[in-house]
Each structure stands twice: as C-alpha cells, then as structure tokens.
$ cat work13.cif   # mmCIF, C-alpha atoms
data_entry
loop_
_atom_site.label_atom_id
_atom_site.label_comp_id
_atom_site.auth_asym_id
_atom_site.auth_seq_id
_atom_site.Cartn_x
_atom_site.Cartn_y
_atom_site.Cartn_z
CA MET O 260 86.04 -113.43 75.06
CA THR O 261 83.59 -113.38 72.34
CA ALA O 262 82.48 -109.89 71.21
CA PRO O 263 78.89 -109.13 70.33
CA ILE O 264 78.04 -109.05 66.64
CA GLY O 265 78.29 -105.63 65.23
CA THR O 266 80.62 -104.50 67.88
CA ALA O 267 84.12 -103.59 66.85
CA VAL O 268 86.98 -104.89 68.94
CA THR O 269 89.49 -102.26 69.61
CA PRO O 270 92.93 -103.66 69.49
CA ARG O 271 95.22 -102.64 72.18
CA GLY O 272 97.16 -99.63 71.47
CA GLY O 273 94.71 -98.55 68.58
CA HIS O 274 91.75 -96.04 68.26
CA GLN O 275 88.06 -96.47 67.84
CA LEU O 276 86.46 -95.69 64.42
CA PRO O 277 82.97 -94.45 64.01
CA ALA O 278 80.28 -97.05 64.06
CA HIS O 279 78.82 -96.19 60.65
CA ILE O 280 81.82 -97.37 58.78
CA VAL O 281 81.34 -100.84 60.07
CA GLY O 282 79.30 -103.35 58.10
CA HIS O 283 78.33 -101.21 54.88
CA SER O 284 79.69 -98.52 52.50
CA PRO O 285 78.96 -94.94 53.50
CA GLN O 286 76.90 -92.59 51.12
CA ARG O 287 77.41 -88.71 50.47
CA ALA O 288 74.57 -86.58 51.76
CA PRO O 289 72.89 -84.39 48.99
CA ARG O 290 74.15 -80.73 48.71
CA LYS O 291 71.54 -78.01 49.41
CA ARG O 292 71.28 -75.24 46.73
CA ARG O 293 71.76 -71.67 47.93
CA PRO O 294 68.65 -69.45 47.20
CA GLY O 295 70.52 -66.07 47.19
CA LEU O 296 71.72 -66.27 43.59
CA TRP O 297 68.28 -66.75 42.10
CA ILE O 298 66.76 -64.06 44.24
CA GLY O 299 69.48 -61.67 43.12
CA LEU O 300 68.88 -62.53 39.51
CA ALA O 301 65.14 -62.06 39.94
CA VAL O 302 65.62 -58.72 41.64
CA GLY O 303 67.95 -57.63 38.86
CA VAL O 304 65.45 -58.55 36.19
CA VAL O 305 62.69 -56.69 38.03
CA ALA O 306 64.91 -53.65 38.49
CA VAL O 307 65.84 -53.56 34.81
CA GLY O 308 62.18 -53.88 33.85
CA THR O 309 61.19 -51.14 36.26
CA ILE O 310 63.83 -48.80 34.92
CA ALA O 311 62.79 -49.59 31.38
CA ALA O 312 59.16 -48.92 32.25
CA LEU O 313 60.09 -45.67 33.99
CA GLN O 314 62.19 -44.63 31.01
CA THR O 315 59.36 -45.36 28.60
CA THR O 316 56.78 -43.61 30.75
CA ALA O 317 59.06 -40.63 31.26
CA SER O 318 59.81 -40.38 27.54
CA LEU O 319 56.17 -40.57 26.54
CA GLY O 320 55.21 -38.10 29.24
CA TYR O 321 57.87 -35.69 28.07
CA ASP O 322 56.68 -36.01 24.46
CA ASP O 323 53.14 -35.12 25.53
CA ALA O 324 54.38 -32.19 27.60
CA GLU O 325 56.55 -30.97 24.73
CA ALA O 326 53.65 -31.20 22.26
CA ASN O 327 51.44 -29.25 24.65
CA PHE O 328 54.18 -26.68 25.14
CA GLU O 329 54.76 -26.27 21.39
CA SER O 330 51.02 -25.82 20.83
CA ALA O 331 50.90 -23.14 23.52
CA ARG O 332 54.01 -21.50 22.07
CA ASP O 333 52.50 -21.47 18.58
CA SER O 334 49.37 -19.81 19.96
CA ALA O 335 51.53 -17.27 21.76
CA GLN O 336 53.47 -16.56 18.58
CA VAL O 337 50.21 -15.97 16.71
CA SER O 338 49.03 -13.60 19.44
CA VAL O 339 52.36 -11.76 19.41
CA SER O 340 52.10 -11.36 15.64
CA ASN O 341 48.50 -10.18 15.85
CA LEU O 342 49.36 -7.66 18.52
CA GLN O 343 52.41 -6.44 16.64
CA ASN O 344 50.44 -6.10 13.41
CA SER O 345 47.73 -4.19 15.22
CA ALA O 346 50.29 -1.91 16.84
CA ASP O 347 52.05 -1.38 13.51
CA GLY O 348 48.74 -0.52 11.88
CA VAL O 349 47.94 2.09 14.51
CA THR O 350 51.47 3.49 14.25
CA ALA O 351 51.13 3.80 10.48
CA THR O 352 47.82 5.60 10.89
CA THR O 353 49.23 8.02 13.45
CA GLU O 354 52.18 8.75 11.18
CA ILE O 355 49.78 9.71 8.39
CA ALA O 356 47.80 11.82 10.83
CA ASN O 357 50.97 13.61 11.92
CA GLN O 358 51.79 14.38 8.30
CA LEU O 359 48.34 15.94 7.91
CA LEU O 360 48.83 18.03 11.04
CA GLN O 361 52.28 19.20 9.96
CA SER O 362 51.15 20.15 6.45
CA ASP O 363 48.13 22.14 7.62
CA THR O 364 48.44 25.84 6.89
CA GLY O 365 45.36 26.72 8.90
CA VAL O 366 43.60 28.18 5.86
CA LEU O 367 40.92 25.53 5.31
CA ALA O 368 40.86 22.85 8.02
CA ASP O 369 38.76 23.56 11.08
CA ALA O 370 40.81 24.37 14.20
CA ALA O 371 38.62 22.21 16.43
CA SER O 372 39.00 19.25 14.05
CA LYS O 373 42.74 19.70 14.11
CA GLU O 374 42.74 19.70 17.90
CA ASP O 375 40.64 16.52 17.97
CA LEU O 376 43.05 14.81 15.59
CA GLY O 377 46.06 15.81 17.67
CA ALA O 378 44.44 14.43 20.81
CA ALA O 379 43.56 11.16 19.07
CA VAL O 380 47.14 10.78 17.85
CA THR O 381 48.55 11.31 21.34
CA SER O 382 46.15 8.81 22.89
CA ALA O 383 46.85 6.22 20.20
CA SER O 384 50.60 6.58 20.62
CA ASP O 385 50.26 5.97 24.36
CA THR O 386 48.14 2.88 23.70
CA VAL O 387 50.73 1.47 21.31
CA SER O 388 53.54 2.06 23.80
CA ALA O 389 51.64 0.30 26.58
CA ALA O 390 50.77 -2.66 24.36
CA SER O 391 54.34 -3.00 23.09
CA GLU O 392 55.62 -3.37 26.64
CA THR O 393 53.73 -6.66 26.96
CA VAL O 394 55.56 -8.24 24.02
CA PRO O 395 58.76 -10.13 25.02
CA ALA O 396 61.86 -10.12 22.89
CA THR O 397 61.69 -13.90 22.51
CA LEU O 398 59.45 -16.78 23.53
CA PRO O 399 60.80 -19.76 25.58
CA GLU O 400 62.08 -22.83 23.73
CA ALA O 401 61.59 -26.50 24.67
CA GLY O 402 65.27 -27.22 24.26
CA GLU O 403 66.94 -30.61 23.89
CA LYS O 404 65.09 -33.68 25.13
CA PRO O 405 66.73 -35.12 28.25
CA VAL O 406 67.92 -38.75 28.27
CA ILE O 407 67.54 -40.09 31.82
CA PHE O 408 64.02 -40.73 33.10
CA TRP O 409 64.27 -38.55 36.17
CA GLU O 410 65.44 -35.65 33.99
CA LEU O 411 62.58 -36.37 31.58
CA PHE O 412 60.06 -36.26 34.44
CA GLY O 413 61.49 -33.00 35.73
CA ARG O 414 61.65 -31.28 32.37
CA ALA O 415 58.14 -32.44 31.46
CA GLY O 416 56.82 -30.75 34.59
CA GLU O 417 58.65 -27.55 33.68
CA LEU O 418 57.19 -27.61 30.16
CA ASP O 419 53.69 -28.02 31.56
CA GLU O 420 54.20 -24.99 33.77
CA GLN O 421 55.58 -22.99 30.86
CA ALA O 422 52.63 -24.03 28.70
CA ASP O 423 50.25 -22.74 31.37
CA ASP O 424 52.20 -19.49 31.53
CA LEU O 425 52.00 -19.16 27.75
CA ASP O 426 48.24 -19.69 27.82
CA GLU O 427 47.92 -16.85 30.32
CA PHE O 428 50.25 -14.76 28.19
CA VAL O 429 48.03 -15.35 25.14
CA SER O 430 45.04 -14.04 27.07
CA GLU O 431 46.98 -10.92 28.06
CA LEU O 432 48.12 -10.25 24.50
CA ASP O 433 44.70 -10.84 22.98
CA ALA O 434 43.18 -8.45 25.51
CA GLU O 435 45.39 -5.63 24.16
CA VAL O 436 44.17 -5.93 20.54
CA PRO O 437 40.69 -4.38 20.96
CA GLY O 438 42.20 -1.31 22.61
CA LEU O 439 44.57 -0.88 19.70
CA ALA O 440 41.73 -1.27 17.24
CA ASP O 441 39.74 1.41 19.06
CA ALA O 442 42.74 3.74 19.10
CA GLY O 443 43.28 3.29 15.38
CA THR O 444 39.60 3.89 14.67
CA SER O 445 39.66 7.08 16.73
CA VAL O 446 42.60 8.44 14.77
CA GLU O 447 41.00 7.40 11.48
CA GLU O 448 37.70 9.08 12.30
CA ALA O 449 39.37 12.23 13.59
CA GLY O 450 41.60 12.36 10.51
CA LEU O 451 38.69 11.97 8.12
CA GLY O 452 36.82 14.65 10.05
CA PHE O 453 39.83 16.92 9.72
CA LEU O 454 40.02 16.29 5.97
CA GLY O 455 36.29 16.74 5.60
CA SER O 456 36.40 20.11 7.30
CA ALA O 457 39.04 21.29 4.84
CA ALA O 458 37.11 20.02 1.83
CA THR O 459 33.90 21.64 3.04
CA ALA O 460 35.64 24.96 3.68
CA ALA O 461 36.86 25.14 0.09
CA ALA O 462 33.52 26.49 -1.18
CA ALA O 463 33.53 29.38 1.28
CA PHE O 464 37.20 29.98 0.52
CA GLU O 465 36.38 30.20 -3.19
CA ALA O 466 33.58 32.68 -2.51
CA ALA O 467 35.97 34.79 -0.44
CA HIS O 468 38.38 34.97 -3.39
CA ILE O 469 35.93 35.56 -6.19
CA SER O 470 38.40 37.37 -8.45
CA ALA O 471 40.73 34.36 -8.85
CA LYS O 472 41.15 32.95 -12.33
CA ASN O 473 38.86 30.12 -13.37
CA VAL O 474 41.66 27.61 -13.84
CA ASP O 475 42.79 28.10 -10.24
CA VAL O 476 39.26 27.93 -8.85
CA ILE O 477 38.67 24.70 -10.78
CA ALA O 478 41.89 23.28 -9.39
CA LEU O 479 40.67 24.15 -5.88
CA ARG O 480 37.35 22.44 -6.53
CA ASP O 481 39.02 19.32 -7.90
CA ALA O 482 41.41 19.16 -4.96
CA ALA O 483 38.55 19.56 -2.50
CA SER O 484 36.67 16.76 -4.26
CA ASP O 485 39.68 14.47 -3.98
CA VAL O 486 40.00 15.18 -0.27
CA SER O 487 36.30 14.64 0.37
CA ASP O 488 36.56 11.24 -1.38
CA ALA O 489 39.09 10.00 1.17
CA VAL O 490 37.86 6.95 3.07
CA ALA O 491 41.07 6.15 4.94
CA LEU O 492 44.20 7.83 6.22
CA ASP O 493 46.95 6.86 3.80
CA ASP O 494 49.60 8.41 1.59
CA LEU O 495 46.97 9.37 -0.97
CA SER O 496 44.97 11.31 1.60
CA VAL O 497 48.11 13.25 2.56
CA THR O 498 48.92 13.94 -1.08
CA SER O 499 45.36 15.12 -1.70
CA PHE O 500 45.39 17.36 1.35
CA VAL O 501 48.70 18.93 0.38
CA ALA O 502 47.33 19.50 -3.14
CA LEU O 503 44.30 21.23 -1.63
CA GLN O 504 46.55 23.46 0.46
CA ASP O 505 48.58 24.32 -2.63
CA ALA O 506 45.42 25.01 -4.65
CA ALA O 507 44.15 27.35 -1.94
CA ALA O 508 47.44 29.21 -1.96
CA GLN O 509 47.28 29.50 -5.75
CA VAL O 510 43.75 30.90 -5.57
CA VAL O 511 45.00 33.64 -3.26
CA ALA O 512 47.96 34.40 -5.52
CA SER O 513 45.72 34.37 -8.59
CA GLU O 514 43.23 36.79 -7.05
CA GLN O 515 45.99 39.13 -5.99
CA ALA O 516 47.34 39.17 -9.53
CA GLU O 517 43.88 39.80 -11.01
CA LEU O 518 43.15 42.62 -8.58
CA ALA O 519 46.51 44.16 -9.34
CA GLU O 520 45.59 44.21 -13.04
CA LYS O 521 42.27 45.91 -12.23
CA ALA O 522 43.81 48.46 -9.91
CA GLY O 523 43.27 52.13 -10.65
CA PRO O 524 40.38 54.59 -10.75
CA LEU O 525 38.05 52.11 -12.48
CA GLN O 526 38.60 49.24 -10.07
CA GLY O 527 35.50 49.92 -8.02
CA SER O 528 33.25 50.00 -11.08
CA ARG O 529 34.88 46.94 -12.57
CA LEU O 530 34.28 44.89 -9.43
CA GLU O 531 30.66 46.08 -9.26
CA ILE O 532 30.12 45.02 -12.88
CA GLU O 533 31.66 41.62 -12.23
CA ALA O 534 29.40 41.09 -9.22
CA PHE O 535 26.41 42.19 -11.31
CA ALA O 536 27.28 39.70 -14.05
CA ARG O 537 27.68 36.85 -11.56
CA SER O 538 24.29 37.62 -10.07
CA LEU O 539 22.72 37.07 -13.52
CA ALA O 540 24.33 33.65 -14.01
CA PRO O 541 24.34 31.70 -10.76
CA GLY O 542 26.26 28.46 -11.01
CA VAL O 543 28.43 29.64 -13.89
CA LEU O 544 32.06 30.27 -13.09
CA LEU O 545 32.94 33.66 -14.55
CA GLU O 546 36.31 35.26 -15.06
CA PHE O 547 36.79 38.84 -16.31
CA ASP O 548 39.41 40.62 -18.34
CA TRP O 549 39.51 44.37 -19.00
CA ASN O 550 41.14 46.14 -21.93
CA PRO O 551 40.87 49.54 -23.63
CA ILE O 552 39.59 48.01 -26.87
CA VAL O 553 37.53 44.81 -27.05
CA ASN O 554 35.94 43.40 -30.19
CA ASN O 555 36.98 46.58 -32.03
CA ALA O 556 35.05 48.84 -29.67
CA GLY O 557 35.84 50.91 -26.60
CA ASP O 558 36.79 54.37 -27.78
CA ASN O 559 34.67 57.41 -28.62
CA GLY O 560 31.92 56.30 -26.23
CA SER O 561 31.56 52.83 -27.73
CA MET O 562 31.60 49.67 -25.65
CA GLY O 563 32.90 46.26 -26.49
CA GLY O 564 32.46 42.80 -25.07
CA LEU O 565 33.64 39.29 -25.94
CA THR O 566 32.79 36.04 -24.22
CA THR O 567 34.45 32.64 -24.45
CA TRP O 568 32.71 29.67 -22.91
CA TRP O 569 33.22 25.92 -22.59
CA TRP O 570 30.53 23.29 -23.01
CA ASP O 571 32.23 20.76 -20.74
CA GLU O 572 32.07 20.70 -16.96
CA PRO O 573 32.21 22.83 -14.99
CA ASP O 574 30.04 25.60 -16.46
CA ARG O 575 32.51 28.41 -17.01
CA ALA O 576 33.27 31.38 -19.22
CA VAL O 577 35.61 34.33 -19.60
CA ILE O 578 34.05 37.72 -20.28
CA GLU O 579 36.25 40.46 -21.68
CA LEU O 580 34.97 44.04 -21.43
CA SER O 581 36.26 47.38 -22.61
CA ASN O 582 37.19 49.97 -20.04
CA SER O 583 34.40 52.16 -21.39
CA VAL O 584 31.82 49.78 -19.93
CA ALA O 585 33.17 50.63 -16.47
CA GLU O 586 33.48 54.32 -17.37
CA GLN O 587 29.77 54.51 -18.24
CA TRP O 588 28.61 52.30 -15.34
CA PRO O 589 25.88 52.10 -14.04
CA ALA O 590 24.15 53.38 -17.19
CA ASP O 591 21.45 51.16 -18.67
CA ARG O 592 23.50 50.66 -21.80
CA SER O 593 26.39 49.29 -19.74
CA LYS O 594 24.06 46.89 -17.93
CA ALA O 595 22.45 45.82 -21.23
CA LEU O 596 25.81 45.06 -22.84
CA VAL O 597 26.96 43.09 -19.81
CA ALA O 598 23.65 41.16 -19.87
CA HIS O 599 24.27 40.25 -23.52
CA GLU O 600 27.71 38.86 -22.66
CA VAL O 601 26.25 36.94 -19.73
CA GLY O 602 23.70 35.50 -22.18
CA HIS O 603 26.63 33.90 -23.99
CA ALA O 604 28.17 32.68 -20.74
CA ILE O 605 25.00 31.12 -19.36
CA SER O 606 24.38 29.26 -22.60
CA VAL O 607 26.63 26.52 -21.18
CA LYS O 608 23.62 25.58 -19.03
CA CYS O 609 21.12 25.80 -21.90
CA GLU O 610 22.91 24.60 -25.02
CA ASP O 611 19.91 22.61 -26.27
CA MET O 612 17.60 25.64 -26.25
CA TYR O 613 18.92 27.31 -29.39
CA ASP O 614 20.82 26.74 -32.60
CA SER O 615 24.51 27.24 -31.87
CA SER O 616 25.69 26.28 -35.34
CA THR O 617 26.00 29.85 -36.69
CA GLN O 618 27.42 33.05 -35.32
CA ASP O 619 24.19 34.90 -36.09
CA SER O 620 22.04 32.50 -34.08
CA ILE O 621 24.52 32.62 -31.24
CA GLU O 622 24.34 36.42 -31.09
CA LYS O 623 20.55 36.39 -31.43
CA TRP O 624 20.35 34.01 -28.47
CA ALA O 625 22.47 36.29 -26.24
CA THR O 626 20.36 39.27 -27.29
CA ALA O 627 17.13 37.36 -26.61
CA TRP O 628 18.41 36.30 -23.20
CA ALA O 629 19.23 39.93 -22.27
CA ILE O 630 15.76 41.01 -23.40
CA GLY O 631 14.18 38.17 -21.42
CA MET O 632 16.05 39.39 -18.35
CA GLY O 633 14.49 42.86 -18.81
CA PHE O 634 17.39 44.78 -20.38
CA THR O 635 15.83 46.65 -23.26
CA ASP O 636 18.54 49.16 -24.16
CA ASP O 637 19.77 48.57 -27.70
CA ALA O 638 23.21 47.79 -26.26
CA ASN O 639 21.68 44.42 -25.37
CA GLY O 640 22.65 43.32 -28.90
CA VAL O 641 19.75 44.70 -30.93
CA TRP O 642 21.84 47.60 -32.26
CA ALA O 643 24.70 45.29 -33.35
CA TYR O 644 22.83 42.09 -34.38
CA GLY O 645 19.18 42.97 -34.88
CA TYR O 646 16.09 41.88 -32.99
CA PRO O 647 16.01 38.15 -32.11
CA PRO O 648 13.15 35.74 -32.89
CA GLN O 649 10.36 35.69 -30.31
CA SER O 650 10.94 31.92 -29.96
CA TYR O 651 14.43 32.65 -28.64
CA ILE O 652 13.08 35.16 -26.15
CA ASP O 653 10.46 32.68 -24.97
CA ALA O 654 13.06 29.92 -24.63
CA SER O 655 15.41 32.18 -22.70
CA TYR O 656 13.00 32.34 -19.75
CA ALA O 657 13.87 28.73 -19.01
CA CYS O 658 17.59 29.47 -18.95
CA ARG O 659 18.44 30.92 -15.58
#
$ encode --input "work13.cif" --output "structure tokens"
Amino acid sequence: MTAPIGTAVTPRGGHQLPAHIVGHSPQRAPRKRRPGLWIGLAVGVVAVGTIAALQTTASLGYDDAEANFESARDSAQVSVSNLQNSADGVTATTEIANQLLQSDTGVLADAASKEDLGAAVTSASDTVSAASETVPATLPEAGEKPVIFWELFGRAGELDEQADDLDEFVSELDAEVPGLADAGTSVEEAGLGFLGSAATAAAAFEAAHISAKNVDVIALRDAASDVSDAVALDDLSVTSFVALQDAAAQVVASEQAELAEKAGPLQGSRLEIEAFARSLAPGVLLEFDWNPIVNNAGDNGSMGGLTTWWWDEPDRAVIELSNSVAEQWPADRSKALVAHEVGHAISVKCEDMYDSSTQDSIEKWATAWAIGMGFTDDANGVWAYGYPPQSYIDASYACR
C-alpha cells in the first residue's frame, strides 16, 4: 500500500523514530544563562563597598572622638596643674607661717595675732588636704587605635564618654582653686598682722629697756623696720622676724649689763639724772657712762662731763658723767652741768644753728642752750668756757 507523504513506514521487526528527524536536520535549542552567579558577584561587590564605607566612617569617627578626648584631657591636665600649683603655694605659705610661730619668743608679737595665725594655718592645711584628694594619680589615655570598624565604633563611644567625664572633672578641679586662694590669703594676712604686731611693739619694748646701749637699741629699731616692710610671707620675712627676736634679746642683755655697771649706792641718782637728761632732749637717743674722773674732773667736789654725738641718723649721743654729778644730785649745779652736756647731744637736731668748726663755738653753743633752758648756775659752762653770744642763746630756743 502506498503510505502518506511525510509518514514513515516502520519496517517489520524495527522501531519508530521521532517524527522531527524526518525530512530536515534538527537544530540545538539555545542554553539559558544562570542568574545566580551575577547576583552573587553583585552582592559581593556591595558587601565589600559597605564594609569599606563602614571602615572609613568608623575610622573618621574614632579620629574625631580621639581629638575631642585629647582636648578634654589637655584641659584636665591644665586644671590639675593649676590646682596643684595653688595647693603648693598655700602649703609654702603655711610652712613660712609655721616657722614664724615656732620662732616666736612671746616678747614682741601680740598673743591674739599669734592665735589668729595658728587658726589660719590649720584651716589652710585642711583646705589643701581636701583639694588634693580630688587630684588623681594619672589621667586616662586614649590608647592604641583599633583596626576593625566595630571596635572603632565601640572605642569612639568610650572616648566620648571619657571626654564628658573629663569635662566634669575640670569643673570640679577649677571649683577648688578659689577656696585655696582664699585660704592662702587668710594665712598671708594673718601672718603680716602677726609680724606687724611685733614691729609695732618694738617701740614700747625699747622704752621699757631704756638703759640698753645705743647700738643695741638701733639694731632693734632697724630690725623692727625690716619686719614692718614685709609685704609677703617668705624666707626673708622669717629671717627678719628672727633678727627682731634676737635684737630684742640683745636689748635685754645690754640693759642688764648697763644696770650692773651702775649698781651701788649711786644707782638711784644716776638713773634719775639719765631720765632728767632724756626729758631735755626728746627724740635723741642717749646712752650714759659713769666714771670717777671725766674730762679731768670729778674729785674734790668738781664735776666732769663729756659728750660724743653723731651727725648721721638716728640722732644719738653718749654722755659720760663723773660720779660726783650723782653725789651732788639734785643740786642746781648738777642739773646745770647735765644741761650743758645735753646741749651738745641735742645739737644733732640743730647742726645748722651754730658754728661747729671750732671747739670754742661748740662749747659756747652748749652753754647757750643750757642758759636758754633756764639753767643759770655757772656749771652750765659759763665757769669753764665763758658767757656765750646772745645770738647763740636766741638760736637755742629753736632747738628743742
């Protein structure tokens, strides 16, 4: 039989092939590309970029946090230094004050001033101790910069917190400084008051030891002046105060030695004469020596006197008198002779009022001064040197 066109005849005993292989050559169907590879690559690129961005952001953020931390730390270090310097300054002042307190003999300085200084020192020491407790041994450090971004983020946050803590710490430290300044000022003022009381007391101390030698009284005055010039508590103020204490002690020793020399039956008269002479020459520092014979006089009822004076500051003189002046005291002749010697001594205040170029004019001046003071007994110098010019007597009224 005839088979239809396009229809394959299957031989007997064979097998049937697919229809598409009959009549034309078969073609390969196109292969579809798998999308998973490209998506993976894209995701990888995005991940790498994200990590890089995170790393950069974390690094920059850390750098900012570190800079902020270092700035806060620098400020804290400045505040620590300021507080420590303030505390050290107060400590130094209290140490000086303690030296003053320890060296005080109680002779010149006022007891109340000393008590005030001691209280100020105690209070200042407590203030320093309290302030020092706020100062740490060390300040925190930033440390090494982390590498991985999550560590950078974490450490940056910690640095920010530490920076905030440091800012608060700065405020605490700075708040302590005014208290320290006040404590130091209190000690300074109390110390200067203490020194001032000692310097002021020197004048009364001198008056209470009137028989001390001039050189020792002058040393006391100079020491008191040095102490009164103190404007701060420092080593110099301590040195000056100790010198004043020593000068006061020397004045006492000097007076005791002078009184021992004047001891005996004539001591009372001698001291009365010295007081009389001082009353005639206020402001002139007078020292007295007593001997049996002075200026070739002193025996057989005679009296002798000799005065040495200095033109430079302070106004001072040494009057030497024979024992006979005290033996005849309070006779007019004794008073007249003493007035003559005081006329020499007080000339240190009136050197331009007379001619001091000759011994005669010097003696005439002393005689004129005694006459001007009302001492008319010839022992005023008239018997020994003659009557002075009226011009000298007139000029002497201005010398008091």
$ resolve_selection --input "work13.cif" --expression "the PyMOL selection byres ((chain O and resi 493) around 9)" --output "list in words"
Ala351, Thr352, Ile355, Ala356, Ala489, Ala491, Leu492, Asp494, Leu495, Ser496, Val497 and Thr498 of chain O
$ closest_residue --input "work13.cif" --among "O:Ile652, O:Leu432, O:Ala508, O:Ala370" --to "Ser456 (chain O)" --atoms "all atoms listed in the file"
O:Ala370
$ resolve_selection --input "work13.cif" --expression "the PyMOL selection byres ((chain O and resi 576) around 7)" --output "MDAnalysis selection string"
chainID O and resid 544:546 566:569 575 577:578 604
$ closest_residue --input "work13.cif" --among "O:Val601, O:Ala519, O:Leu418, O:Ala396" --to "Asp322 (chain O)" --atoms "only C-alpha atoms"
O:Leu418
$ residues_around --input "work13.cif" --residues "Gln343 (chain O)" --least-positions-apart "2" --cutoff "10 Å" --atoms "all atoms listed in the file" --output "ChimeraX atom specification"
/O:337-341,345-349,387,390-391,394,432,436
$ resolve_selection --input "work13.cif" --expression "the PyMOL selection byres ((chain O and resi 602) around 8)" --output "PyMOL selection string"
chain O and resi 598-601+603-606+624-626+628-629
$ atom_distance --input "work13.cif" --atom1 "CA of Ala440 (chain O)" --atom2 "CA of Leu376 (chain O)"
16.2 Å
$ residues_around --input "work13.cif" --residues "Asn555 (chain O)" --least-positions-apart "5" --cutoff "10 Å" --atoms "all atoms listed in the file" --output "ChimeraX atom specification"
/O:561-564,581
$ atom_distance --input "work13.cif" --atom1 "CA of Asn550 (chain O)" --atom2 "CA of Pro524 (chain O)"
14.0 Å
$ axis_aligned_box --input "work13.cif" --around "region 470-480 of chain O" --padding-each-side "8 Å" --output "AutoDock Vina command-line options"
--center_x 40.1 --center_y 29.9 --center_z -9.9 --size_x 21.4 --size_y 30.9 --size_z 24.0
$ residues_near_point --input "work13.cif" --point "(63.2, -43.9, 31.9)" --cutoff "10 Å" --atoms "all atoms listed in the file" --output "VMD selection string"
chain O and resid 309 to 319 406 to 412
$ closest_residue --input "work13.cif" --among "O:Asp591, O:Glu579, O:Glu531, O:Asp574" --to "Cys609 (chain O)" --atoms "all atoms listed in the file"
O:Asp574
$ atom_distance --input "work13.cif" --atom1 "CA of Gly402 (chain O)" --atom2 "CA of Ser430 (chain O)"
24.3 Å
$ residues_near_point --input "work13.cif" --point "(43.2, 6.1, 13.3)" --cutoff "8 Å" --atoms "all atoms listed in the file" --output "list of chain:residue names"
O:Val349, O:Thr352, O:Thr353, O:Ala356, O:Ala379, O:Val380, O:Ala383, O:Ala442, O:Gly443, O:Thr444, O:Ser445, O:Val446, O:Glu447, O:Glu448, O:Ala449, O:Gly450, O:Leu492
$ closest_residue --input "work13.cif" --among "O:Ala540, O:Ala335, O:Ala463, O:Leu479" --to "Val510 (chain O)" --atoms "all atoms listed in the file"
O:Leu479
$ closest_residue --input "work13.cif" --among "O:Pro399, O:Gly523, O:Gly320, O:Gly308" --to "Asp424 (chain O)" --atoms "only C-alpha atoms"
O:Pro399
